[in-house]
Every structure is written in structure tokens, then in C-alpha cells.
>>> print(open('start.pdb').read())   # PDB, C-alpha atoms
ATOM      1  CA  MET A   1       0.000   0.000   0.000
ATOM      2  CA  PHE A   2       2.706   2.437   0.987
ATOM      3  CA  GLN A   3       4.583   2.326  -2.289
ATOM      4  CA  PHE A   4       1.630   4.316  -3.660
ATOM      5  CA  ALA A   5       2.090   6.960  -0.973
ATOM      6  CA  ASN A   6       4.428   8.750  -3.324
ATOM      7  CA  PRO A   7       2.235  10.926  -5.597
ATOM      8  CA  LYS A   8       4.418  10.234  -8.643
ATOM      9  CA  ARG A   9       4.092   6.474  -8.130
ATOM     10  CA  PHE A  10       0.375   6.870  -7.548
ATOM     11  CA  MET A  11      -0.009   8.817 -10.795
ATOM     12  CA  ASP A  12       1.841   6.127 -12.763
ATOM     13  CA  ALA A  13       0.025   3.175 -11.207
ATOM     14  CA  SER A  14      -3.435   4.748 -11.276
ATOM     15  CA  GLY A  15      -2.911   5.975 -14.833
ATOM     16  CA  ALA A  16      -2.185   2.441 -15.964
ATOM     17  CA  MET A  17      -5.135   1.034 -14.022
ATOM     18  CA  LEU A  18      -7.753   3.590 -14.988
ATOM     19  CA  PRO A  19      -8.681   2.354 -18.515
ATOM     20  CA  TRP A  20      -9.188  -1.197 -17.220
ATOM     21  CA  LEU A  21     -11.155  -0.113 -14.190
ATOM     22  CA  SER A  22     -13.448   2.148 -16.247
ATOM     23  CA  ALA A  23     -14.029  -0.634 -18.776
ATOM     24  CA  ALA A  24     -14.843  -3.100 -15.985
ATOM     25  CA  THR A  25     -17.241  -0.543 -14.461
ATOM     26  CA  ALA A  26     -19.091  -0.085 -17.764
ATOM     27  CA  VAL A  27     -19.364  -3.829 -18.439
ATOM     28  CA  LEU A  28     -20.483  -4.651 -14.889
ATOM     29  CA  LEU A  29     -23.105  -1.894 -14.805
ATOM     30  CA  MET A  30     -24.511  -2.843 -18.210
ATOM     31  CA  ALA A  31     -24.651  -6.534 -17.310
ATOM     32  CA  GLY A  32     -26.133  -5.639 -13.921
ATOM     33  CA  LEU A  33     -28.832  -3.478 -15.505
ATOM     34  CA  TYR A  34     -29.680  -6.212 -17.987
ATOM     35  CA  LEU A  35     -30.025  -8.778 -15.184
ATOM     36  CA  SER A  36     -32.020  -6.309 -13.063
ATOM     37  CA  PHE A  37     -34.672  -5.932 -15.736
ATOM     38  CA  THR A  38     -34.794  -9.554 -16.869
ATOM     39  CA  ALA A  39     -35.149 -11.000 -13.355
ATOM     40  CA  PRO A  40     -38.694 -12.222 -12.655
ATOM     41  CA  PRO A  41     -40.922 -10.173 -10.334
ATOM     42  CA  ASP A  42     -40.757 -11.262  -6.697
ATOM     43  CA  TYR A  43     -43.773 -13.187  -5.433
ATOM     44  CA  GLN A  44     -44.250 -10.700  -2.578
ATOM     45  CA  GLN A  45     -42.634  -7.451  -3.748
ATOM     46  CA  GLY A  46     -43.655  -7.794  -7.410
ATOM     47  CA  ASP A  47     -41.548  -5.632  -9.721
ATOM     48  CA  THR A  48     -40.430  -3.337  -6.890
ATOM     49  CA  VAL A  49     -37.722  -5.925  -6.193
ATOM     50  CA  ARG A  50     -35.886  -4.199  -9.087
ATOM     51  CA  ILE A  51     -35.392  -1.173  -6.830
ATOM     52  CA  MET A  52     -33.380  -3.458  -4.525
ATOM     53  CA  PHE A  53     -30.814  -3.975  -7.283
ATOM     54  CA  ILE A  54     -29.847  -0.302  -7.135
ATOM     55  CA  HIS A  55     -30.770   0.370  -3.495
ATOM     56  CA  VAL A  56     -28.635  -2.276  -1.794
ATOM     57  CA  PRO A  57     -25.479  -1.594  -3.906
ATOM     58  CA  ALA A  58     -25.791   2.158  -3.245
ATOM     59  CA  ALA A  59     -26.123   1.517   0.494
ATOM     60  CA  TRP A  60     -23.174  -0.904   0.441
ATOM     61  CA  VAL A  61     -20.911   1.579  -1.359
ATOM     62  CA  ALA A  62     -22.101   4.379   0.939
ATOM     63  CA  MET A  63     -20.830   2.426   3.949
ATOM     64  CA  MET A  64     -17.683   1.088   2.283
ATOM     65  CA  ALA A  65     -16.797   4.631   1.197
ATOM     66  CA  TYR A  66     -17.076   5.735   4.820
ATOM     67  CA  VAL A  67     -14.763   2.950   5.991
ATOM     68  CA  PHE A  68     -12.332   3.995   3.259
ATOM     69  CA  MET A  69     -12.604   7.675   4.171
ATOM     70  CA  ALA A  70     -12.054   6.983   7.885
ATOM     71  CA  ALA A  71      -9.104   4.654   7.212
ATOM     72  CA  ALA A  72      -7.482   7.160   4.858
ATOM     73  CA  SER A  73      -8.104   9.903   7.440
ATOM     74  CA  ALA A  74      -6.365   7.843  10.109
ATOM     75  CA  VAL A  75      -3.376   7.159   7.849
ATOM     76  CA  GLY A  76      -3.240  10.831   6.901
ATOM     77  CA  MET A  77      -3.326  11.886  10.531
ATOM     78  CA  ILE A  78      -0.779   9.376  11.845
ATOM     79  CA  ASN A  79       1.678   9.320   8.938
ATOM     80  CA  ARG A  80       1.074  12.861   7.668
ATOM     81  CA  HIS A  81       0.606  11.608   4.115
ATOM     82  CA  PRO A  82      -0.976  14.296   1.920
ATOM     83  CA  LEU A  83      -2.037  11.558  -0.506
ATOM     84  CA  ALA A  84      -4.094   9.856   2.231
ATOM     85  CA  ASP A  85      -5.687  13.210   3.094
ATOM     86  CA  ILE A  86      -6.566  13.751  -0.562
ATOM     87  CA  ALA A  87      -8.025  10.239  -0.868
ATOM     88  CA  ALA A  88     -10.224  10.789   2.198
ATOM     89  CA  LYS A  89     -11.318  14.223   0.995
ATOM     90  CA  GLN A  90     -12.228  12.994  -2.480
ATOM     91  CA  ALA A  91     -14.108   9.942  -1.191
ATOM     92  CA  ALA A  92     -16.531  12.139   0.780
ATOM     93  CA  PRO A  93     -18.639  13.657  -2.051
ATOM     94  CA  LEU A  94     -18.926  10.225  -3.667
ATOM     95  CA  GLY A  95     -19.971   8.697  -0.362
ATOM     96  CA  ALA A  96     -22.553  11.431   0.082
ATOM     97  CA  LEU A  97     -23.932  10.756  -3.402
ATOM     98  CA  PHE A  98     -24.320   7.013  -2.821
ATOM     99  CA  THR A  99     -25.855   7.644   0.603
ATOM    100  CA  ALA A 100     -28.409  10.001  -0.950
ATOM    101  CA  LEU A 101     -29.173   7.477  -3.702
ATOM    102  CA  ALA A 102     -29.659   4.711  -1.132
ATOM    103  CA  LEU A 103     -32.040   6.930   0.867
ATOM    104  CA  ILE A 104     -34.047   8.038  -2.187
ATOM    105  CA  THR A 105     -34.351   4.600  -3.798
ATOM    106  CA  GLY A 106     -35.203   3.084  -0.407
ATOM    107  CA  SER A 107     -37.915   5.656   0.073
ATOM    108  CA  LEU A 108     -39.355   4.918  -3.395
ATOM    109  CA  TRP A 109     -39.462   1.248  -2.458
ATOM    110  CA  GLY A 110     -40.925   1.935   0.977
ATOM    111  CA  ARG A 111     -43.943   3.817  -0.323
ATOM    112  CA  PRO A 112     -45.549   0.884  -2.199
ATOM    113  CA  MET A 113     -44.210  -1.843   0.137
ATOM    114  CA  TRP A 114     -44.437  -0.291   3.607
ATOM    115  CA  GLY A 115     -47.038   2.329   2.732
ATOM    116  CA  THR A 116     -44.738   5.217   3.626
ATOM    117  CA  TYR A 117     -41.808   7.090   2.074
ATOM    118  CA  TRP A 118     -40.145   7.595   5.411
ATOM    119  CA  VAL A 119     -40.231   6.330   8.964
ATOM    120  CA  TRP A 120     -37.873   7.163  11.838
ATOM    121  CA  ASP A 121     -36.715   3.587  12.022
ATOM    122  CA  GLY A 122     -33.222   2.696  13.299
ATOM    123  CA  ARG A 123     -31.778   1.820   9.903
ATOM    124  CA  LEU A 124     -33.250   4.803   8.076
ATOM    125  CA  THR A 125     -32.322   7.279  10.795
ATOM    126  CA  SER A 126     -28.732   6.034  11.136
ATOM    127  CA  PHE A 127     -28.386   6.199   7.356
ATOM    128  CA  LEU A 128     -29.575   9.787   7.393
ATOM    129  CA  VAL A 129     -26.925  10.441  10.041
ATOM    130  CA  LEU A 130     -24.370   8.950   7.614
ATOM    131  CA  LEU A 131     -25.406  11.536   5.012
ATOM    132  CA  PHE A 132     -24.981  14.339   7.564
ATOM    133  CA  LEU A 133     -21.539  13.007   8.535
ATOM    134  CA  TYR A 134     -20.455  13.185   4.906
ATOM    135  CA  LEU A 135     -21.890  16.680   4.485
ATOM    136  CA  GLY A 136     -20.287  17.859   7.730
ATOM    137  CA  TYR A 137     -16.947  16.433   6.643
ATOM    138  CA  ILE A 138     -17.172  18.243   3.277
ATOM    139  CA  ALA A 139     -18.209  21.470   5.028
ATOM    140  CA  LEU A 140     -15.170  21.277   7.336
ATOM    141  CA  TRP A 141     -12.793  20.961   4.394
ATOM    142  CA  ASN A 142     -14.452  23.957   2.760
ATOM    143  CA  ALA A 143     -14.394  26.037   5.932
ATOM    144  CA  ILE A 144     -10.651  25.758   6.647
ATOM    145  CA  ASP A 145      -8.178  27.280   4.184
ATOM    146  CA  ASN A 146      -5.014  25.620   5.441
ATOM    147  CA  GLU A 147      -4.985  22.171   3.814
ATOM    148  CA  ALA A 148      -3.012  20.360   6.515
ATOM    149  CA  ARG A 149      -5.213  21.804   9.270
ATOM    150  CA  ALA A 150      -8.427  21.102   7.350
ATOM    151  CA  ALA A 151      -7.294  17.494   6.844
ATOM    152  CA  ARG A 152      -6.649  17.053  10.574
ATOM    153  CA  VAL A 153      -9.941  18.575  11.741
ATOM    154  CA  ALA A 154     -11.974  16.732   9.101
ATOM    155  CA  ALA A 155     -10.199  13.474   9.977
ATOM    156  CA  ILE A 156     -11.327  13.809  13.600
ATOM    157  CA  LEU A 157     -14.959  14.083  12.467
ATOM    158  CA  ALA A 158     -14.523  11.120  10.100
ATOM    159  CA  LEU A 159     -13.083   8.973  12.907
ATOM    160  CA  VAL A 160     -15.703   9.982  15.482
ATOM    161  CA  GLY A 161     -18.393   9.193  12.899
ATOM    162  CA  VAL A 162     -17.177   5.609  12.649
ATOM    163  CA  VAL A 163     -19.404   4.789  15.648
ATOM    164  CA  ASN A 164     -22.360   5.237  13.316
ATOM    165  CA  LEU A 165     -21.306   2.274  11.137
ATOM    166  CA  PRO A 166     -22.049  -0.522  13.640
ATOM    167  CA  ILE A 167     -25.255   1.322  14.505
ATOM    168  CA  ILE A 168     -26.306   1.108  10.842
ATOM    169  CA  GLU A 169     -25.166  -2.501  10.631
ATOM    170  CA  PHE A 170     -26.981  -3.762  13.713
ATOM    171  CA  SER A 171     -29.907  -1.338  13.646
ATOM    172  CA  VAL A 172     -32.138  -3.964  12.039
ATOM    173  CA  ASP A 173     -31.512  -6.298  14.977
ATOM    174  CA  TRP A 174     -31.661  -3.683  17.750
ATOM    175  CA  TRP A 175     -34.809  -1.939  16.603
ATOM    176  CA  THR A 176     -37.026  -4.307  14.671
ATOM    177  CA  THR A 177     -39.445  -1.774  13.280
ATOM    178  CA  LEU A 178     -39.834  -1.612   9.509
ATOM    179  CA  HIS A 179     -36.524  -2.211   7.785
ATOM    180  CA  GLN A 180     -36.024  -5.921   7.160
ATOM    181  CA  GLY A 181     -33.089  -7.814   8.603
ATOM    182  CA  GLU A 182     -29.975  -9.100   6.932
ATOM    183  CA  SER A 183     -30.747 -11.456   4.044
ATOM    184  CA  ILE A 184     -27.435 -11.852   2.217
ATOM    185  CA  PHE A 185     -24.430 -12.088   4.548
ATOM    186  CA  ARG A 186     -26.049 -14.085   7.283
ATOM    187  CA  LYS A 187     -25.422 -17.317   9.175
ATOM    188  CA  GLY A 188     -26.747 -20.230   7.177
ATOM    189  CA  GLY A 189     -26.410 -18.477   3.822
ATOM    190  CA  PRO A 190     -28.529 -15.971   1.953
ATOM    191  CA  THR A 191     -32.288 -16.189   2.271
ATOM    192  CA  ILE A 192     -32.960 -14.643  -1.106
ATOM    193  CA  SER A 193     -33.308 -16.605  -4.324
ATOM    194  CA  THR A 194     -30.337 -16.820  -6.709
ATOM    195  CA  VAL A 195     -32.375 -15.166  -9.500
ATOM    196  CA  PHE A 196     -32.225 -12.006  -7.353
ATOM    197  CA  LEU A 197     -28.794 -12.648  -5.899
ATOM    198  CA  TRP A 198     -27.039 -12.440  -9.270
ATOM    199  CA  PRO A 199     -28.311  -9.032 -10.403
ATOM    200  CA  LEU A 200     -27.679  -7.752  -6.876
ATOM    201  CA  PHE A 201     -24.132  -9.121  -6.830
ATOM    202  CA  ILE A 202     -23.195  -7.814 -10.300
ATOM    203  CA  MET A 203     -24.701  -4.398  -9.555
ATOM    204  CA  ALA A 204     -22.829  -4.247  -6.232
ATOM    205  CA  LEU A 205     -19.573  -4.993  -8.068
ATOM    206  CA  GLY A 206     -20.446  -2.387 -10.705
ATOM    207  CA  TYR A 207     -21.218   0.266  -8.092
ATOM    208  CA  THR A 208     -17.982  -0.541  -6.242
ATOM    209  CA  ALA A 209     -15.963  -0.310  -9.461
ATOM    210  CA  LEU A 210     -17.711   2.960 -10.281
ATOM    211  CA  PHE A 211     -16.790   4.373  -6.879
ATOM    212  CA  PHE A 212     -13.115   3.529  -7.287
ATOM    213  CA  THR A 213     -13.008   4.773 -10.897
ATOM    214  CA  LEU A 214     -14.423   8.143  -9.876
ATOM    215  CA  LEU A 215     -12.263   8.258  -6.749
ATOM    216  CA  ILE A 216      -9.039   7.647  -8.683
ATOM    217  CA  ILE A 217      -9.888  10.354 -11.230
ATOM    218  CA  ARG A 218     -10.721  12.794  -8.419
ATOM    219  CA  VAL A 219      -7.496  12.055  -6.516
ATOM    220  CA  ARG A 220      -5.478  12.473  -9.736
ATOM    221  CA  THR A 221      -7.262  15.777 -10.332
ATOM    222  CA  GLU A 222      -6.326  17.113  -6.916
ATOM    223  CA  ILE A 223      -2.707  15.974  -7.192
ATOM    224  CA  ILE A 224      -2.435  17.841 -10.506
ATOM    225  CA  GLU A 225      -4.166  20.911  -9.033
ATOM    226  CA  ARG A 226      -1.805  20.986  -6.061
ATOM    227  CA  ARG A 227       1.184  20.605  -8.354
ATOM    228  CA  VAL A 228      -0.010  23.534 -10.497
ATOM    229  CA  ARG A 229      -0.654  25.677  -7.425
ATOM    230  CA  ALA A 230       2.774  24.891  -5.955
ATOM    231  CA  ALA A 231       4.468  25.717  -9.252
ATOM    232  CA  ILE A 232       2.655  29.049  -9.500
ATOM    233  CA  LEU A 233       3.553  29.922  -5.887
ATOM    234  CA  ASN A 234       7.210  29.046  -6.458
ATOM    235  CA  GLY A 235       7.259  31.017  -9.693
ATOM    236  CA  SER A 236       5.781  34.197  -8.203
ATOM    237  CA  GLY A 237       7.848  33.879  -5.029
ATOM    238  CA  GLY A 238      11.033  34.142  -7.100
TER     239      GLY A 238
ATOM    240  CA  MET B   1     -43.215  -2.990 -24.429
ATOM    241  CA  SER B   2     -45.978  -1.162 -22.569
ATOM    242  CA  HIS B   3     -46.217  -4.214 -20.331
ATOM    243  CA  PHE B   4     -42.524  -3.783 -19.526
ATOM    244  CA  LEU B   5     -42.908  -0.040 -18.899
ATOM    245  CA  ALA B   6     -45.865  -0.642 -16.587
ATOM    246  CA  MET B   7     -43.591  -2.623 -14.228
ATOM    247  CA  GLY B   8     -46.473  -4.642 -12.842
ATOM    248  CA  GLY B   9     -48.207  -1.463 -11.673
ATOM    249  CA  TYR B  10     -45.177  -0.059  -9.841
ATOM    250  CA  ALA B  11     -43.858   2.108 -12.678
ATOM    251  CA  GLU B  12     -44.286   5.319 -10.669
ATOM    252  CA  TYR B  13     -41.799   4.057  -8.064
ATOM    253  CA  ILE B  14     -39.395   1.952 -10.099
ATOM    254  CA  TRP B  15     -38.652   4.380 -12.939
ATOM    255  CA  PRO B  16     -37.985   7.389 -10.660
ATOM    256  CA  ALA B  17     -35.644   5.204  -8.564
ATOM    257  CA  TYR B  18     -33.630   4.278 -11.658
ATOM    258  CA  GLY B  19     -33.930   7.814 -13.056
ATOM    259  CA  VAL B  20     -32.567   9.485  -9.914
ATOM    260  CA  SER B  21     -29.728   6.959  -9.684
ATOM    261  CA  LEU B  22     -28.785   7.502 -13.331
ATOM    262  CA  LEU B  23     -28.964  11.275 -12.903
ATOM    263  CA  GLY B  24     -26.805  11.207  -9.777
ATOM    264  CA  VAL B  25     -24.166   8.983 -11.346
ATOM    265  CA  ALA B  26     -24.175  10.999 -14.587
ATOM    266  CA  ALA B  27     -23.753  14.260 -12.669
ATOM    267  CA  ALA B  28     -20.854  12.842 -10.621
ATOM    268  CA  LEU B  29     -19.197  11.535 -13.771
ATOM    269  CA  TYR B  30     -19.645  14.850 -15.580
ATOM    270  CA  LEU B  31     -18.316  16.995 -12.715
ATOM    271  CA  THR B  32     -15.408  14.625 -12.027
ATOM    272  CA  LEU B  33     -14.304  14.479 -15.672
ATOM    273  CA  ARG B  34     -14.724  18.221 -16.159
ATOM    274  CA  ALA B  35     -12.473  19.009 -13.186
ATOM    275  CA  TYR B  36      -9.964  16.396 -14.375
ATOM    276  CA  ARG B  37      -9.792  17.907 -17.872
ATOM    277  CA  ARG B  38      -9.426  21.424 -16.466
ATOM    278  CA  ALA B  39      -6.607  20.368 -14.155
ATOM    279  CA  LYS B  40      -4.754  18.612 -16.942
ATOM    280  CA  ARG B  41      -5.180  21.648 -19.190
ATOM    281  CA  SER B  42      -3.753  24.060 -16.596
ATOM    282  CA  LEU B  43      -0.795  21.731 -16.011
ATOM    283  CA  ALA B  44      -0.122  21.582 -19.757
ATOM    284  CA  LYS B  45      -0.310  25.365 -19.972
ATOM    285  CA  LEU B  46       2.143  25.699 -17.081
ATOM    286  CA  ASP B  47       4.571  23.218 -18.649
ATOM    287  CA  SER B  48       4.488  24.961 -22.017
ATOM    288  CA  ALA B  49       5.036  28.364 -20.361
ATOM    289  CA  ARG B  50       8.137  27.023 -18.623
ATOM    290  CA  THR B  51       9.888  25.710 -21.722
TER     291      THR B  51
END
>>> encode(input="start.pdb", output="C-alpha cells")
Amino acid sequence: MFQFANPKRFMDASGAMLPWLSAATAVLLMAGLYLSFTAPPDYQQGDTVRIMFIHVPAAWVAMMAYVFMAAASAVGMINRHPLADIAAKQAAPLGALFTALALITGSLWGRPMWGTYWVWDGRLTSFLVLLFLYLGYIALWNAIDNEARAARVAAILALVGVVNLPIIEFSVDWWTTLHQGESIFRKGGPTISTVFLWPLFIMALGYTALFFTLLIIRVRTEIIERRVRAAILNGSGG
Amino acid sequence: MSHFLAMGGYAEYIWPAYGVSLLGVAAALYLTLRAYRRAKRSLAKLDSART
């Protein structure tokens, strides 16, 4: 991992990886969409099961992105790696997007299936908190001009917010209100049929690949921007 | 075709869910690529000014 801590090495490695990763993202998402619309309707949910194929992957990436952001924040704080700070910073808007998509698609599923767009259930509420954590993190970066200081303050928020992840994870067991329990990664194997498991799995891979494709481009963008800024400062400073 | 679009009576929930997701992803892709292109352009300009 640490050989990529050098921005030059990161630029070389990520530049070589990017075409493959983008191609994999496109193929996975197209295959996932095809499977999502050719899967049969569920015997209970009817066609609304198709919302699950974009809802669950969005929620998964939303949480994974937070783990990534918090881990990168910790590395940035402990090792003072600007690259880790940049990775954490650039993961946040993507995490916020996937969190919002999970909330919106979940709400559009909840209306026909639960009879309501929203309920202050444990899972839904803790997921809303996840969105606010992302937005707060982004706001902190924007509020502090000094990059190193902004990274440190934002990292503290990211790390404190980690407590929300197990709350999201176990919310369906702690508060059994409306959101259903775990059906995929559970003891005794998944409880959902393989005709739904495949589209879900391919879409989850596609969403994950999409996240990393966008993240790599965004990190490359910021490295270039910082390089340009440093060059201009050096030039004008004599 | 119209049977497919009707989504078993849930069209009004399923299509907006896919529409919003597509819109969100497209917007992220657009903004990310635009910033990337701009950054690369300013670096190229800087390099050409130096030589």
C-alpha cells in the first residue's frame, strides 16, 4: 500500500489502471442493468424488487466509502501523508452521493411496500446520520483554508463518525421496526433466491468499481491541481 | 413494451428510482471528468510556459 504513498508512483500506477477499471465498471453496470430488468418479479414485492438492485449496492458503497474515508483519514493523521488526506477528501462527495441514492431509492421502495416514504426507524435514521456526517466532513474541508489543518480537523470528524457504522449494521436487529433484517451475509447463507442474488451481486460490483473509478480520477485531479498551485507559488515567489 | 414499462403497476416508483440513480451517477461523472480535464489543461499550460 505504501509504495503508492508517493504521488508520482500513484499517478503512474493509477494511470495504468484507470482504462481497465473504467471498462470493468461499464461492463459490470450494463450486465447488472440487464439482469435487473430480466429478473422475474418477486412473489411478494412484485416488480419493486428491481429497486433493490440499485438500493442495496448504493447503500453498500455508501458504507464502504465511509470505511475507506475513515481509514485514509487515520493514515493521513498518523503518517502525515498528503495523498491519504486527498483520498479521504475525495471519497466524501462520492460517499454522500451514494448515501443520498440509497435513501431516495429506499424511500421509493418503501412507499408501495411499507405504505410510507419515510419512517424514523433505526436503519433509516442512522443512514440519514451517515449523510450528515459526509456533508459535515465536506463542510469542514471547505471552511478551513489551510490544507493540513483542514485534513486534521476533518479526519477527527470522520473517525468519530465511525461509531455510526455498527449502529447502521446492527440497527435492524436492535430496533425491529420496519426495515427488514440481513438477508445476504447471514449465518446459514442468503435467504434470497439466486435469480435475485445475481443481479444484486453484479450491480454491487459495478457500483464498487464505479466508486473507485471516480475516486481515482478525483485524486489524480487534486494531485495535478496541487502541483499547479505549488508551481505558480514558487514562480511568483522568485 | 408497454407491459414492460408498466412494471407490474409499480412504474411510478421503479422508474424514478432508476432515473434518480442515473442522474446522480451521470452528474458525478460529468463533474469529475470536467475538473480532471481542467486540471490537466492548466498543467499543460504551465509546462508549455516554462519551456
>>> residues_around(input="start.pdb", residues="Arg50 (chain B)", least_positions_apart="6", cutoff="12 Å", atoms="only C-alpha atoms", output="MDAnalysis selection string")
(chainID A and resid 231:232 235) or (chainID B and resid 43:44)
>>> closest_atom_pairs(input="start.pdb", of="chain B", to="chain A", cutoff="9 Å", atoms="all atoms listed in the file", output="Markdown table")
| residue | atom | partner | partner_atom | distance |
| --- | --- | --- | --- | --- |
| B:Phe4 | CA | A:Phe37 | CA | 9.0 |
| B:Met7 | CA | A:Asp47 | CA | 5.8 |
| B:Gly8 | CA | A:Asp47 | CA | 5.9 |
| B:Gly9 | CA | A:Asp47 | CA | 8.1 |
| B:Tyr10 | CA | A:Thr48 | CA | 6.5 |
| B:Ala11 | CA | A:Asp47 | CA | 8.6 |
| B:Glu12 | CA | A:Leu108 | CA | 8.8 |
| B:Tyr13 | CA | A:Leu108 | CA | 5.3 |
| B:Ile14 | CA | A:Ile51 | CA | 6.0 |
| B:Trp15 | CA | A:Ile51 | CA | 8.9 |
| B:Pro16 | CA | A:Leu108 | CA | 7.8 |
| B:Ala17 | CA | A:Thr105 | CA | 5.0 |
| B:Tyr18 | CA | A:Ile54 | CA | 7.5 |
| B:Val20 | CA | A:Leu101 | CA | 7.4 |
| B:Ser21 | CA | A:Leu101 | CA | 6.0 |
| B:Gly24 | CA | A:Leu97 | CA | 7.0 |
| B:Val25 | CA | A:Leu97 | CA | 8.1 |
| B:Ala28 | CA | A:Leu94 | CA | 7.7 |
| B:Leu29 | CA | A:Leu214 | CA | 7.0 |
| B:Thr32 | CA | A:Arg218 | CA | 6.2 |
| B:Leu33 | CA | A:Ile217 | CA | 7.5 |
| B:Ala35 | CA | A:Thr221 | CA | 6.8 |
| B:Tyr36 | CA | A:Thr221 | CA | 4.9 |
| B:Arg37 | CA | A:Thr221 | CA | 8.2 |
| B:Arg38 | CA | A:Thr221 | CA | 8.6 |
| B:Ala39 | CA | A:Glu225 | CA | 5.7 |
| B:Lys40 | CA | A:Ile224 | CA | 6.9 |
| B:Ser42 | CA | A:Val228 | CA | 7.2 |
| B:Leu43 | CA | A:Val228 | CA | 5.9 |
| B:Leu46 | CA | A:Val228 | CA | 7.3 |
>>> atom_distance(input="start.pdb", atom1="CA of Val172 (chain A)", atom2="CA of Arg123 (chain A)")
6.2 Å
>>> atom_distance(input="start.pdb", atom1="CA of Thr177 (chain A)", atom2="CA of Trp120 (chain A)")
9.2 Å
>>> atom_distance(input="start.pdb", atom1="CA of Ser14 (chain A)", atom2="CA of Ala84 (chain A)")
14.5 Å
>>> resolve_selection(input="start.pdb", expression="the PyMOL selection byres ((chain A and resi 30) around 12)", output="ChimeraX atom specification")
/A:23-29,31-37,199,202-203,205-207,210
>>> resolve_selection(input="start.pdb", expression="the PyMOL selection byres ((chain A and resi 139-149) around 10)", output="PyMOL selection string")
chain A and resi 76-77+80-82+85-86+89+133-138+150-155+157
